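Source file: start-v2.txt. Holds: compact mmCIF, C-alpha atoms.
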```
# COMPACT_ATOMS: atom_id res chain seq x y z
CA MET W 272 24.02 0.02 5.40
CA ALA W 273 20.74 1.16 3.86
CA ASN W 274 18.48 -1.86 4.18
CA THR W 275 16.36 -2.12 7.31
CA GLY W 276 17.41 -5.04 9.44
CA GLN W 277 20.14 -6.17 7.06
CA ILE W 278 22.87 -8.03 8.93
CA ALA W 279 26.48 -7.07 8.34
CA HIS W 280 28.75 -9.97 7.29
CA SER W 281 25.68 -12.22 7.17
CA SER W 282 25.43 -15.69 5.75
CA THR W 283 22.53 -17.10 3.77
CA VAL W 284 20.84 -20.16 5.28
CA THR W 285 18.26 -22.39 3.69
CA GLY W 286 15.53 -22.32 6.32
CA PHE W 287 14.24 -21.26 9.70
CA ASP W 288 14.95 -24.62 11.33
CA ARG W 289 18.40 -23.35 12.38
CA LEU W 290 16.85 -20.40 14.22
CA GLN W 291 15.28 -22.12 17.22
CA GLY W 292 14.26 -19.71 19.98
CA VAL W 293 12.52 -16.36 20.45
CA TRP W 294 12.99 -13.33 18.20
CA ARG W 295 11.73 -9.73 18.28
CA SER W 296 11.36 -7.68 15.10
CA ARG W 297 12.87 -4.22 14.63
CA GLY W 298 9.68 -2.25 14.07
CA TYR W 299 6.39 -3.93 13.11
CA GLY W 300 5.73 -5.16 16.69
CA LYS W 301 6.27 -8.89 16.09
CA VAL W 302 7.65 -11.62 18.32
CA LEU W 303 8.51 -14.91 16.62
CA LEU W 304 8.85 -18.20 18.49
CA ILE W 305 10.49 -21.11 16.64
CA ASP W 306 10.12 -24.37 18.50
CA GLY W 307 10.99 -27.64 16.75
CA ASP W 308 9.29 -27.70 13.38
CA GLU W 309 6.64 -25.13 14.32
CA TYR W 310 6.48 -21.36 14.73
CA THR W 311 4.21 -18.90 16.54
CA ILE W 312 3.79 -15.19 15.79
CA PHE W 313 2.81 -12.72 18.51
CA GLU W 314 1.80 -9.06 18.24
CA GLU W 315 3.55 -6.98 20.89
CA THR W 316 3.07 -3.64 22.63
CA ALA W 317 4.64 -2.41 25.85
CA LEU W 318 1.81 -4.00 27.84
CA SER W 319 0.71 -6.94 25.68
CA CYS W 320 2.03 -9.87 23.68
CA LEU W 321 -0.90 -11.55 21.94
CA LYS W 322 -0.63 -14.84 20.07
CA LEU W 323 -1.67 -14.27 16.46
CA HIS W 324 -0.85 -17.32 14.37
CA ALA W 325 0.96 -20.65 14.50
CA GLY W 326 2.08 -23.00 11.76
CA SER W 327 4.79 -25.23 10.36
CA LEU W 328 8.31 -24.12 9.48
CA ASP W 329 7.65 -25.26 5.91
CA GLU W 330 4.94 -22.61 5.74
CA LEU W 331 7.34 -19.99 7.14
CA ASP W 332 10.04 -21.01 4.65
CA HIS W 333 7.64 -20.48 1.76
CA SER W 334 6.46 -17.10 3.07
CA TYR W 335 9.94 -15.54 3.31
CA GLU W 336 13.05 -15.50 1.18
CA ASN W 337 16.61 -14.14 1.20
CA LEU W 338 17.05 -15.19 4.81
CA GLU W 339 20.28 -13.71 6.22
CA VAL W 340 21.69 -14.61 9.63
CA SER W 341 24.46 -12.91 11.61
CA PRO W 342 27.60 -14.98 12.27
CA ASN W 343 26.78 -15.30 15.97
CA GLN W 344 23.15 -16.19 15.16
CA GLN W 345 21.85 -13.39 17.38
CA ALA W 346 20.09 -11.60 14.52
CA PHE W 347 18.55 -12.32 11.15
CA SER W 348 16.54 -10.59 8.47
CA ALA W 349 14.20 -11.85 5.77
CA ARG W 350 11.93 -10.52 3.04
CA ARG W 351 8.39 -11.63 2.33
CA ALA W 352 8.41 -13.76 -0.80
CA THR W 353 6.10 -11.42 -2.73
CA GLY W 354 6.83 -8.12 -0.98
CA VAL W 355 9.60 -5.55 -0.84
CA THR W 356 10.05 -5.07 2.91
CA ARG W 357 12.99 -6.69 4.66
CA ILE W 358 12.39 -7.11 8.39
CA GLY W 359 15.17 -7.61 10.92
CA PHE W 360 14.89 -9.71 14.10
CA ARG W 361 16.99 -9.87 17.27
CA ARG W 362 17.21 -12.88 19.56
CA LEU W 363 15.51 -12.80 22.98
CA LYS W 364 16.29 -15.09 25.90
CA SER W 365 12.62 -15.94 26.33
CA LEU W 366 9.11 -14.78 25.52
CA PRO W 367 8.27 -11.39 27.07
CA ALA W 368 6.50 -11.63 30.45
CA THR W 369 3.55 -9.85 28.82
CA ALA W 370 2.80 -13.05 26.85
CA ALA W 371 1.88 -14.93 30.05
CA GLU W 372 0.11 -11.86 31.41
CA ALA W 373 -2.00 -11.64 28.22
CA ARG W 374 -3.14 -15.24 28.64
CA ALA W 375 -4.32 -14.44 32.17
CA ARG W 376 -6.28 -11.32 31.21
CA ASP W 377 -9.97 -11.13 30.32
CA LYS W 378 -9.77 -10.68 26.56
CA ASP W 379 -13.13 -8.88 26.47
CA ASP W 380 -12.29 -6.35 29.19
CA PRO W 381 -12.93 -2.90 27.62
CA ASP W 382 -10.23 -1.28 29.80
CA TYR W 383 -7.61 -3.75 28.56
CA ASN W 384 -8.69 -3.42 24.93
CA PHE W 385 -8.57 0.38 25.11
CA GLU W 386 -5.04 0.29 26.50
CA VAL W 387 -3.80 -2.16 23.85
CA PHE W 388 -5.42 -0.02 21.14
CA TRP W 389 -3.80 3.18 22.40
CA HIS W 390 -0.37 1.59 22.81
CA THR W 391 -0.56 0.01 19.35
CA PHE W 392 -0.90 3.40 17.69
CA ALA W 393 1.45 5.14 20.13
CA GLU W 394 4.22 2.66 19.31
CA HIS W 395 3.62 2.00 15.61
CA TYR W 396 1.73 4.81 13.86
CA ALA W 397 4.26 6.79 11.81
CA LEU W 398 2.43 9.97 10.88
CA PHE W 399 1.28 11.75 14.06
CA ALA W 400 3.52 14.77 13.40
CA LEU W 401 2.38 14.99 9.77
CA LYS W 402 -1.27 14.74 10.80
CA GLY W 403 -0.91 17.22 13.67
CA VAL W 404 -2.39 14.78 16.20
CA ASP W 405 -1.22 14.61 19.82
CA TRP W 406 -1.91 10.97 20.71
CA HIS W 407 -1.18 11.53 24.41
CA GLU W 408 -3.76 14.29 24.50
CA MET W 409 -6.23 11.90 22.83
CA TYR W 410 -5.61 9.45 25.69
CA GLN W 411 -6.38 12.10 28.31
CA ARG W 412 -9.57 13.10 26.53
CA PHE W 413 -11.04 9.66 25.75
CA ARG W 414 -9.68 7.36 28.47
CA PRO W 415 -12.30 8.41 31.08
CA ARG W 416 -15.10 7.26 28.77
CA ILE W 417 -14.17 3.58 29.09
CA THR W 418 -14.50 1.42 32.20
CA SER W 419 -14.48 -2.32 32.73
CA GLY W 420 -18.28 -2.21 32.48
CA SER W 421 -18.49 -0.32 29.17
CA ASP W 422 -20.45 -2.06 26.43
CA PRO W 423 -18.77 -2.96 23.11
CA GLU W 424 -20.75 -0.35 21.16
CA LEU W 425 -19.35 2.44 23.33
CA LEU W 426 -15.82 1.07 22.99
CA TYR W 427 -16.18 0.96 19.20
CA ALA W 428 -17.56 4.52 19.05
CA THR W 429 -14.75 5.79 21.27
CA LEU W 430 -11.96 4.17 19.25
CA ALA W 431 -13.48 5.43 15.99
CA ALA W 432 -13.65 8.97 17.41
CA MET W 433 -9.96 8.77 18.29
CA LEU W 434 -9.06 7.69 14.76
CA ARG W 435 -11.13 10.34 12.98
CA PRO W 436 -8.57 13.21 13.21
CA LEU W 437 -5.91 11.10 11.47
CA ARG W 438 -7.71 11.39 8.12
CA ASP W 439 -5.67 8.45 6.85
CA GLY W 440 -7.06 6.11 4.19
CA HIS W 441 -4.92 3.25 5.50
CA VAL W 442 -6.42 3.42 9.00
CA HIS W 443 -9.37 1.05 9.50
CA LEU W 444 -11.14 -0.53 12.46
CA HIS W 445 -13.15 -3.72 11.95
CA THR W 446 -15.56 -4.96 14.62
CA PRO W 447 -18.88 -6.85 14.84
CA TRP W 448 -20.45 -3.49 15.73
CA GLY W 449 -19.19 -1.60 12.69
CA HIS W 450 -16.35 -0.92 10.31
CA TYR W 451 -14.68 2.47 10.44
CA SER W 452 -12.34 4.06 7.88
CA ALA W 453 -10.46 7.21 8.84
CA GLY W 454 -9.74 8.25 5.26
CA ALA W 455 -10.84 11.65 4.00
CA LEU W 456 -12.78 11.71 0.74
CA PRO W 457 -10.91 13.20 -2.24
CA ALA W 458 -11.95 16.67 -3.42
CA LEU W 459 -13.49 14.97 -6.47
CA TYR W 460 -16.34 13.71 -4.28
CA LYS W 461 -17.07 17.23 -3.05
CA ARG W 462 -17.09 18.51 -6.63
CA LEU W 463 -19.55 15.83 -7.69
CA ASP W 464 -21.67 16.48 -4.58
CA VAL W 465 -22.08 20.08 -5.73
CA GLU W 466 -23.03 18.94 -9.24
CA LEU W 467 -25.73 16.64 -7.90
CA GLU W 468 -27.04 19.31 -5.57
CA ASP W 469 -27.16 21.92 -8.36
CA ALA W 470 -29.05 19.45 -10.55
CA GLY W 471 -31.49 18.68 -7.75
CA GLU W 472 -30.59 14.98 -7.85
CA HIS W 473 -30.74 12.93 -4.67
CA ARG W 474 -28.48 9.91 -5.16
CA GLU W 475 -25.21 8.55 -3.88
CA THR W 476 -22.07 10.33 -5.04
CA THR W 477 -20.32 6.97 -5.25
CA SER W 478 -22.77 5.64 -7.83
CA TYR W 479 -22.56 8.91 -9.80
CA LEU W 480 -18.77 8.62 -9.86
CA GLY W 481 -19.08 5.02 -11.05
CA GLU W 482 -21.30 6.10 -13.94
CA LEU W 483 -18.83 8.81 -14.96
CA ARG W 484 -15.92 6.39 -14.85
CA ASP W 485 -17.85 3.90 -17.00
CA TRP W 486 -18.65 6.73 -19.43
CA LEU W 487 -14.99 7.74 -19.71
CA ARG W 488 -13.90 4.16 -20.26
CA GLU W 489 -16.39 3.84 -23.12
CA VAL W 490 -15.22 7.14 -24.63
CA ILE W 491 -11.60 5.92 -24.55
CA HIS W 492 -12.51 2.56 -26.06
CA GLU W 493 -14.61 3.97 -28.88
CA ASN W 494 -13.27 7.47 -29.62
CA TYR W 495 -9.57 6.98 -28.93
CA LEU W 496 -8.87 3.28 -29.47
CA GLY W 497 -11.44 2.77 -32.23
CA GLY W 498 -12.96 -0.22 -30.48
CA ARG W 499 -9.72 -2.17 -30.80
CA VAL W 500 -9.02 -2.91 -27.15
CA ARG W 501 -7.03 -5.83 -25.81
CA HIS W 502 -7.62 -7.21 -22.32
CA GLY W 503 -5.51 -9.35 -20.02
CA ALA W 504 -4.70 -10.19 -16.41
CA ASN W 505 -8.28 -10.82 -15.33
CA HIS W 506 -9.44 -7.76 -17.32
CA LEU W 507 -7.41 -5.49 -15.02
CA VAL W 508 -5.08 -4.51 -17.86
CA GLU W 509 -6.29 -2.96 -21.13
CA TRP W 510 -4.24 -1.73 -24.05
CA GLY W 511 -4.43 -0.50 -27.62
CA ARG W 512 -3.19 2.22 -30.01
CA LEU W 513 -4.23 5.86 -29.82
CA ASN W 514 -2.62 6.41 -33.24
CA GLU W 515 0.31 5.13 -35.27
CA THR W 516 2.90 6.52 -32.82
CA THR W 517 1.23 6.32 -29.40
CA GLY W 518 0.10 3.33 -27.35
CA TYR W 519 -2.32 3.23 -24.44
CA LEU W 520 -2.06 1.02 -21.35
CA ASN W 521 -4.65 1.08 -18.56
CA ILE W 522 -3.62 -0.63 -15.29
CA ARG W 523 -6.79 -0.75 -13.20
CA ALA W 524 -5.38 -2.32 -10.00
CA MET W 525 -2.16 -3.61 -8.46
CA ALA W 526 -3.73 -6.86 -7.23
CA GLY W 527 -6.07 -9.49 -8.63
CA GLN W 528 -4.31 -10.03 -11.97
CA SER W 529 -4.49 -13.79 -11.44
CA GLY W 530 -8.19 -13.71 -10.62
CA LYS W 531 -7.46 -15.06 -7.14
CA VAL W 532 -7.89 -12.73 -4.19
CA GLY W 533 -4.99 -12.72 -1.75
CA HIS W 534 -2.50 -14.58 -3.96
CA PRO W 535 0.25 -12.02 -4.73
CA ALA W 536 2.65 -14.63 -6.15
CA ASN W 537 0.06 -15.58 -8.77
CA ASP W 538 -0.63 -11.90 -9.45
CA LEU W 539 3.09 -11.35 -10.09
CA ALA W 540 3.21 -14.24 -12.55
CA ALA W 541 0.14 -12.90 -14.38
CA THR W 542 1.69 -9.43 -14.51
CA HIS W 543 4.81 -10.76 -16.20
CA VAL W 544 2.69 -12.56 -18.80
CA VAL W 545 0.46 -9.60 -19.63
CA MET W 546 3.29 -7.06 -19.82
CA GLN W 547 5.16 -9.23 -22.30
CA GLN W 548 1.97 -9.29 -24.40
CA VAL W 549 1.60 -5.51 -24.12
CA LEU W 550 5.16 -4.78 -25.16
CA SER W 551 5.05 -7.25 -28.03
CA GLU W 552 2.29 -5.08 -29.50
CA LEU W 553 3.16 -1.58 -28.27
CA GLY W 554 6.83 -1.74 -27.36
CA GLY W 555 8.03 -0.40 -30.69
CA LEU W 556 5.96 2.81 -30.53
CA PRO W 557 7.77 6.03 -29.58
CA ASN W 558 5.08 7.08 -27.06
CA LEU W 559 3.06 5.25 -24.42
CA ALA W 560 0.27 6.60 -22.20
CA VAL W 561 -0.16 4.68 -18.94
CA ASP W 562 -3.53 5.31 -17.30
CA ILE W 563 -3.72 4.68 -13.54
CA ARG W 564 -6.36 7.32 -12.76
CA GLY W 565 -8.73 4.79 -11.21
CA ASN W 566 -6.10 2.48 -9.70
CA GLY W 567 -6.70 2.21 -5.95
CA GLY W 568 -3.63 0.08 -5.22
CA GLY W 569 -2.84 -3.49 -4.20
CA TYR W 570 0.62 -5.01 -3.76
CA ASP W 571 3.84 -2.99 -3.91
CA GLY W 572 5.55 -5.99 -5.53
CA VAL W 573 3.03 -5.99 -8.37
CA ALA W 574 3.44 -2.23 -8.82
CA LEU W 575 7.21 -2.62 -9.09
CA CYS W 576 6.75 -5.49 -11.52
CA PHE W 577 4.72 -3.26 -13.86
CA ALA W 578 7.33 -0.51 -13.49
CA SER W 579 10.15 -2.93 -14.32
CA TYR W 580 8.82 -3.23 -17.88
CA LEU W 581 8.91 0.54 -18.33
CA MET W 582 12.27 1.48 -16.79
CA ASP W 583 15.46 2.12 -18.76
CA ARG W 584 17.94 0.86 -16.13
CA LYS W 585 18.19 0.00 -12.47
CA ARG W 586 17.27 3.04 -10.40
CA LEU W 587 16.35 3.85 -6.81
CA ALA W 588 12.57 3.75 -6.55
CA PHE W 589 12.20 4.89 -2.94
CA THR W 590 13.36 4.32 0.60
CA LYS W 591 11.14 3.29 3.49
CA SER W 592 11.50 3.17 7.26
CA ALA W 593 9.15 1.91 9.95
CA ARG W 594 8.29 3.16 13.45
CA HIS W 595 10.59 1.55 15.98
CA GLY W 596 10.69 2.51 19.63
CA GLY W 597 10.78 6.30 19.90
CA GLY W 598 12.01 6.69 16.34
CA PHE W 599 12.31 4.73 13.11
CA THR W 600 14.24 1.83 11.65
CA GLY W 601 17.02 2.58 9.20
CA GLN W 602 16.01 3.45 5.67
CA GLN W 603 15.57 0.44 3.40
CA ALA W 604 16.44 1.22 -0.21
CA VAL W 605 14.10 -0.29 -2.82
CA CYS W 606 15.18 -0.24 -6.45
CA VAL W 607 13.32 -0.91 -9.68
CA THR W 608 15.28 -3.13 -12.05
CA PRO W 609 14.37 -3.56 -15.73
CA ALA W 610 12.57 -6.83 -16.44
CA PRO W 611 14.71 -9.60 -17.96
CA HIS W 612 12.50 -9.49 -21.06
CA ASP W 613 12.05 -6.54 -23.42
CA THR W 614 11.34 -3.21 -21.71
CA TYR W 615 9.75 -0.06 -23.10
CA GLY W 616 12.21 2.60 -24.24
CA GLY W 617 10.09 5.51 -25.49
CA ASN W 618 8.37 8.54 -24.03
CA LEU W 619 6.17 7.74 -21.03
CA PHE W 620 3.03 9.68 -20.16
CA VAL W 621 1.46 8.61 -16.86
CA LEU W 622 -2.08 9.77 -16.08
CA THR W 623 -3.00 10.18 -12.40
CA SER W 624 -5.91 11.41 -10.29
CA GLU W 625 -6.92 11.67 -6.65
CA LEU W 626 -8.16 8.09 -6.99
CA THR W 627 -4.59 6.91 -7.72
CA ALA W 628 -3.71 5.46 -4.33
CA SER W 629 -1.43 3.25 -2.27
CA ALA W 630 0.49 0.74 -4.44
CA ALA W 631 -0.46 2.75 -7.55
CA GLU W 632 1.46 5.64 -5.99
CA ILE W 633 4.40 3.29 -5.44
CA PHE W 634 4.29 2.64 -9.20
CA VAL W 635 4.63 6.39 -9.78
CA LEU W 636 7.47 6.66 -7.24
CA ALA W 637 9.31 3.89 -9.08
CA LEU W 638 9.14 5.84 -12.34
CA LEU W 639 10.09 9.33 -11.10
CA GLN W 640 13.68 8.95 -12.35
CA HIS W 641 12.56 7.80 -15.80
CA PRO W 642 14.39 10.07 -18.29
CA HIS W 643 11.33 10.56 -20.53
CA LEU W 644 8.48 10.74 -18.00
CA THR W 645 5.59 13.21 -18.03
CA LEU W 646 2.95 13.02 -15.29
CA ILE W 647 -0.44 14.41 -16.34
CA GLY W 648 -3.57 14.88 -14.25
CA GLU W 649 -4.02 15.48 -10.53
CA PRO W 650 -1.90 14.80 -7.43
CA THR W 651 -2.29 11.23 -6.22
CA LEU W 652 -4.21 10.49 -3.02
CA GLY W 653 -1.18 10.45 -0.69
CA ILE W 654 -1.45 7.15 1.23
CA LEU W 655 1.86 5.43 0.51
CA SER W 656 2.73 3.52 3.69
CA ASP W 657 2.09 -0.20 3.83
CA THR W 658 -0.79 -1.11 6.12
CA LEU W 659 0.27 -2.81 9.33
CA GLU W 660 -2.52 -5.13 10.48
CA ARG W 661 -2.98 -5.43 14.24
CA HIS W 662 -5.48 -7.10 16.57
CA LEU W 663 -7.06 -6.33 19.92
CA PRO W 664 -7.45 -8.95 22.66
CA ASN W 665 -11.21 -9.21 21.93
CA GLY W 666 -10.55 -10.20 18.30
CA TRP W 667 -11.23 -6.81 16.68
CA HIS W 668 -8.65 -5.89 14.09
CA MET W 669 -7.34 -2.70 12.57
CA THR W 670 -4.82 -1.37 10.08
CA LEU W 671 -2.49 1.60 10.39
CA SER W 672 0.30 3.37 8.53
CA ASN W 673 3.57 2.45 10.24
CA GLU W 674 6.08 3.48 7.56
CA VAL W 675 7.45 6.59 5.88
CA TYR W 676 8.19 6.36 2.16
CA ARG W 677 10.65 8.78 0.58
CA ALA W 678 11.18 9.33 -3.12
CA PHE W 679 14.63 8.96 -4.69
CA ASP W 680 15.40 12.59 -3.77
CA GLY W 681 14.21 12.25 -0.16
CA GLU W 682 10.83 13.93 -0.75
CA THR W 683 7.78 12.58 1.07
CA TYR W 684 4.35 12.60 -0.55
CA GLU W 685 2.25 11.19 2.27
CA ASP W 686 -0.95 13.22 2.69
CA VAL W 687 -0.21 15.61 -0.21
CA GLY W 688 0.15 13.11 -3.04
CA ILE W 689 2.64 13.02 -5.92
CA PRO W 690 2.08 16.14 -8.05
CA PRO W 691 1.79 15.96 -11.85
CA HIS W 692 3.97 17.90 -14.28
CA ILE W 693 0.85 19.02 -16.13
CA ARG W 694 -2.27 19.55 -14.02
CA LEU W 695 -5.66 18.72 -15.52
CA PRO W 696 -8.86 17.77 -13.66
CA PHE W 697 -10.10 14.19 -13.74
CA LEU W 698 -13.68 13.93 -15.04
CA GLY W 699 -13.93 17.71 -15.36
CA ARG W 700 -17.05 19.27 -16.84
CA VAL W 701 -15.29 20.65 -19.92
CA GLY W 702 -14.23 17.20 -21.05
CA ARG W 703 -17.58 15.64 -20.30
CA GLU W 704 -19.51 18.32 -22.15
CA SER W 705 -17.31 17.90 -25.23
CA GLY W 706 -17.29 14.10 -25.01
CA ARG W 707 -13.49 14.10 -24.79
CA ASP W 708 -10.70 13.04 -22.45
CA PRO W 709 -8.55 16.19 -22.01
CA MET W 710 -5.65 14.22 -20.53
CA LEU W 711 -5.40 11.91 -23.54
CA ASP W 712 -5.81 14.92 -25.83
CA ARG W 713 -2.80 16.48 -24.11
CA VAL W 714 -0.82 13.25 -24.55
CA LEU W 715 -1.56 13.25 -28.28
CA LYS W 716 -0.57 16.90 -28.55
CA LEU W 717 2.72 16.34 -26.74
CA ALA W 718 3.41 13.19 -28.75
CA ARG W 719 3.21 15.18 -31.97
```
Would you mind writing the file out in structure tokens?
Amino acid sequence: MANTGQIAHSSTVTGFDRLQGVWRSRGYGKVLLIDGDEYTIFEETALSCLKLHAGSLDELDHSYENLEVSPNQQAFSARRATGVTRIGFRRLKSLPATAAEARARDKDDPDYNFEVFWHTFAEHYALFALKGVDWHEMYQRFRPRITSGSDPELLYATLAAMLRPLRDGHVHLHTPWGHYSAGALPALYKRLDVELEDAGEHRETTSYLGELRDWLREVIHENYLGGRVRHGANHLVEWGRLNETTGYLNIRAMAGQSGKVGHPANDLAATHVVMQQVLSELGGLPNLAVDIRGNGGGYDGVALCFASYLMDRKRLAFTKSARHGGGFTGQQAVCVTPAPHDTYGGNLFVLTSELTASAAEIFVLALLQHPHLTLIGEPTLGILSDTLERHLPNGWHMTLSNEVYRAFDGETYEDVGIPPHIRLPFLGRVGRESGRDPMLDRVLKLAR
């Protein structure tokens, strides 16, 4: 059976109240305690079991859906209400002994925090082989730096140094002494660095990139859409007509459509509303350009929702599996199903760049089997895994990539990005000097 954690011959139950006891997830490092009408979530490694959150079963019931329980009630699986990942759980007789041991430990002990940090990545990070990093060798090199008397600044610097070789945009460490991101900058930044250096300008590359993106947006609005631009979904979706046969749709993010941060259910509802508006105006055109060149991601569920309005029929979008023990969970198949309302049926031109990342890449994965798809631009950034959030005993928290995504044909695009069919540089000098958008020019040429 393809779905991770799916229970054979399972029955659907209405809530978690029937699942009293202790449960351990397959992958994801979670232990769930259900006691009466309350639950507690723990984060587990081989040497720790740290209490993370507690709440009511009503809250848990609203956070998950499609709850399936094995006939002997020794296993269940559920899917987050606004996500795509189904997680399986197996019953335990009691809480792991490490839960009591964690309560007795000094939560600020640098030795203990280092060990929990190392084990967290050793047990859950999915991409060591791809990144060429020997995590056991990292332990031997950095472990001697930390003692029980080490100050927090040294611990932070040591952990950040261990993360640096991963070069993974989904790996972050957040502490009172600093915030570290292990992601490598796209080649675009290096290209713009050279431009600034050649021009003798001393300013931040990030601000320069922001100016260029604002310039391109204005060029598209005025020179390609004739100033007739429609906005929706908290101004994160823009659309209009490039000419009488070709529409333009810019999806700027895969979260925030509702205007409320951290409310994916509201974002999904707003996405449905705006896509029905878009297709009511552009759905009859034979060609549609979808611009996600500046889309840095958000929620996979929102990305699949956008894709559902562009797909011809139900198709496999991708499979995903998570680190589990010494290997991985089974592959969970995720499909994209056409929206129940009208869907777009013409030629699809999707514009990508190195800034197209995370959930925006999931959007591209979902469309790879589209029969009339042309990808134009640059390879995407190549950070597809969901981010698993974890915590250290001292309260520091971090994120890591714990999953492997595979396209419908089994291909993986982590690190390398999803390649375009037609390669053109994003914000290249030729286009800027001519005041044009070469990617949209290519769309118009192909549409003819």
Could you list, as a VMD selection string, every residue within 10 Å of Arg435 (chain W), counting all atoms listed in the file and ignoring same-chain residues fewer than 6 positions away? chain W and resid 442 451 to 455
Pick from W:Leu480, W:Ala504, W:Leu671, W:Leu559: nearest to Val545 (chain W), with all atoms listed in the file counted?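 The shortest atom-to-atom distance to Val545 (chain W) comes from W:Ala504.
Considering only C-alpha atoms, the residue among W:His443, W:Arg357, W:Arg512, W:Arg564 positioned nearest to Leu430 (chain W) is W:His443.
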How far is it from CA of Leu626 (chain W) to CA of Lys402 (chain W), in Å with one decimal? 20.2 Å
So the first atom is CA of Glu625 (chain W) and the second is CA of Leu459 (chain W); what is the distance between them in Å, to one decimal place? 7.4 Å
Which residues are near region 308-320 of chain W? Cut-off 8 Å, only C-alpha atoms, ignore same chain within fewer than 2 positions. Put them as a compact mmCIF listing (two decimals) with C-alpha atoms, in the coordinates of the input.
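After the write, part14.txt holds the following:
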```
# COMPACT_ATOMS: atom_id res chain seq x y z
CA ASP W 288 14.95 -24.62 11.33
CA GLY W 300 5.73 -5.16 16.69
CA LYS W 301 6.27 -8.89 16.09
CA VAL W 302 7.65 -11.62 18.32
CA LEU W 303 8.51 -14.91 16.62
CA LEU W 304 8.85 -18.20 18.49
CA ILE W 305 10.49 -21.11 16.64
CA ASP W 306 10.12 -24.37 18.50
CA LYS W 322 -0.63 -14.84 20.07
CA LEU W 323 -1.67 -14.27 16.46
CA HIS W 324 -0.85 -17.32 14.37
CA ALA W 325 0.96 -20.65 14.50
CA GLY W 326 2.08 -23.00 11.76
CA SER W 327 4.79 -25.23 10.36
CA LEU W 328 8.31 -24.12 9.48
CA LEU W 331 7.34 -19.99 7.14
CA PRO W 367 8.27 -11.39 27.07
CA THR W 369 3.55 -9.85 28.82
CA ALA W 370 2.80 -13.05 26.85
CA GLU W 372 0.11 -11.86 31.41
CA ALA W 373 -2.00 -11.64 28.22
CA VAL W 387 -3.80 -2.16 23.85
CA HIS W 390 -0.37 1.59 22.81
CA THR W 391 -0.56 0.01 19.35
CA GLU W 394 4.22 2.66 19.31
CA ARG W 661 -2.98 -5.43 14.24
CA HIS W 662 -5.48 -7.10 16.57
```
Shell of 7 Å around Tyr615 (chain W), all atoms listed in the file, local chain residues under 5 positions omitted, as a list in words: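 Near Tyr615 (chain W), the qualifying residues are Leu550, Gly554, Tyr580, Leu581 and Met582 of chain W.
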Using all atoms listed in the file, find the one residue out of W:Val293, W:Leu366, W:Leu483, W:Val675 that sits nearest to Tyr396 (chain W).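 Using all atoms listed in the file, the shortest distance to Tyr396 (chain W) belongs to W:Val675.
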Residues at most 12 Å from region 683-689 of chain W, counting only C-alpha atoms, excluding those fewer than 6 positions away in the same chain, as a ChimeraX atom specification? /W:397-403,437-441,454-455,457,589-592,621-629,631-639,646-657,672-677
Within 12 Å of Asp613 (chain W), counting all atoms listed in the file, which residues qualify if same-chain residues fewer than 3 places away don't, as a list in words?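 In the requested format, the answer is His543, Met546, Gln547, Gln548, Val549, Leu550, Ser551, Glu552, Leu553, Gly554, Gly555, Ser579, Tyr580, Leu581, Met582, Asp583, Arg584, Pro609, Ala610 and Gly616 of chain W.
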How many Å lie between CA of His395 (chain W) and CA of Leu539 (chain W), rounded to one decimal? 29.0 Å
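Each of W:Trp486, W:Phe599, W:Tyr427, W:Trp389 was compared to Met409 (chain W) using only C-alpha atoms, and W:Trp389 turns out to be the nearest.
Remark: for Asp380 (chain W), the closest of the candidate residues W:Asp708, W:Glu339, W:Asp422, W:Asp405 is W:Asp422 (distances computed over only C-alpha atoms).
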Step by step: start from the point (2.5, -6.2, -10.8) in the file's coordinates, keep every protein, DNA or RNA residue that has an atom no farther than 6 Å from it, count all atoms listed in the file, and write the set as a list in words.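 The requested residues, written out, are Met525, Leu539, Thr542, Val573, Ala574, Cys576 and Phe577 of chain W.
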Nearest residue to Gly518 (chain W) out of W:Leu659, W:Ile563, W:Leu363, W:Leu711, using all atoms listed in the file?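 Using all atoms listed in the file, the shortest distance to Gly518 (chain W) belongs to W:Leu711.
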Output as lines of an AutoDock Vina configuration file the centre and edge lengths (Å, one decimal) of the box along x, y and z of the file that holds every listed atom of region 668-674 of chain W after adding 8 Å on each side.
```
center_x = -1.3
center_y = -1.2
center_z = 10.8
size_x = 30.7
size_y = 25.4
size_z = 22.5
```
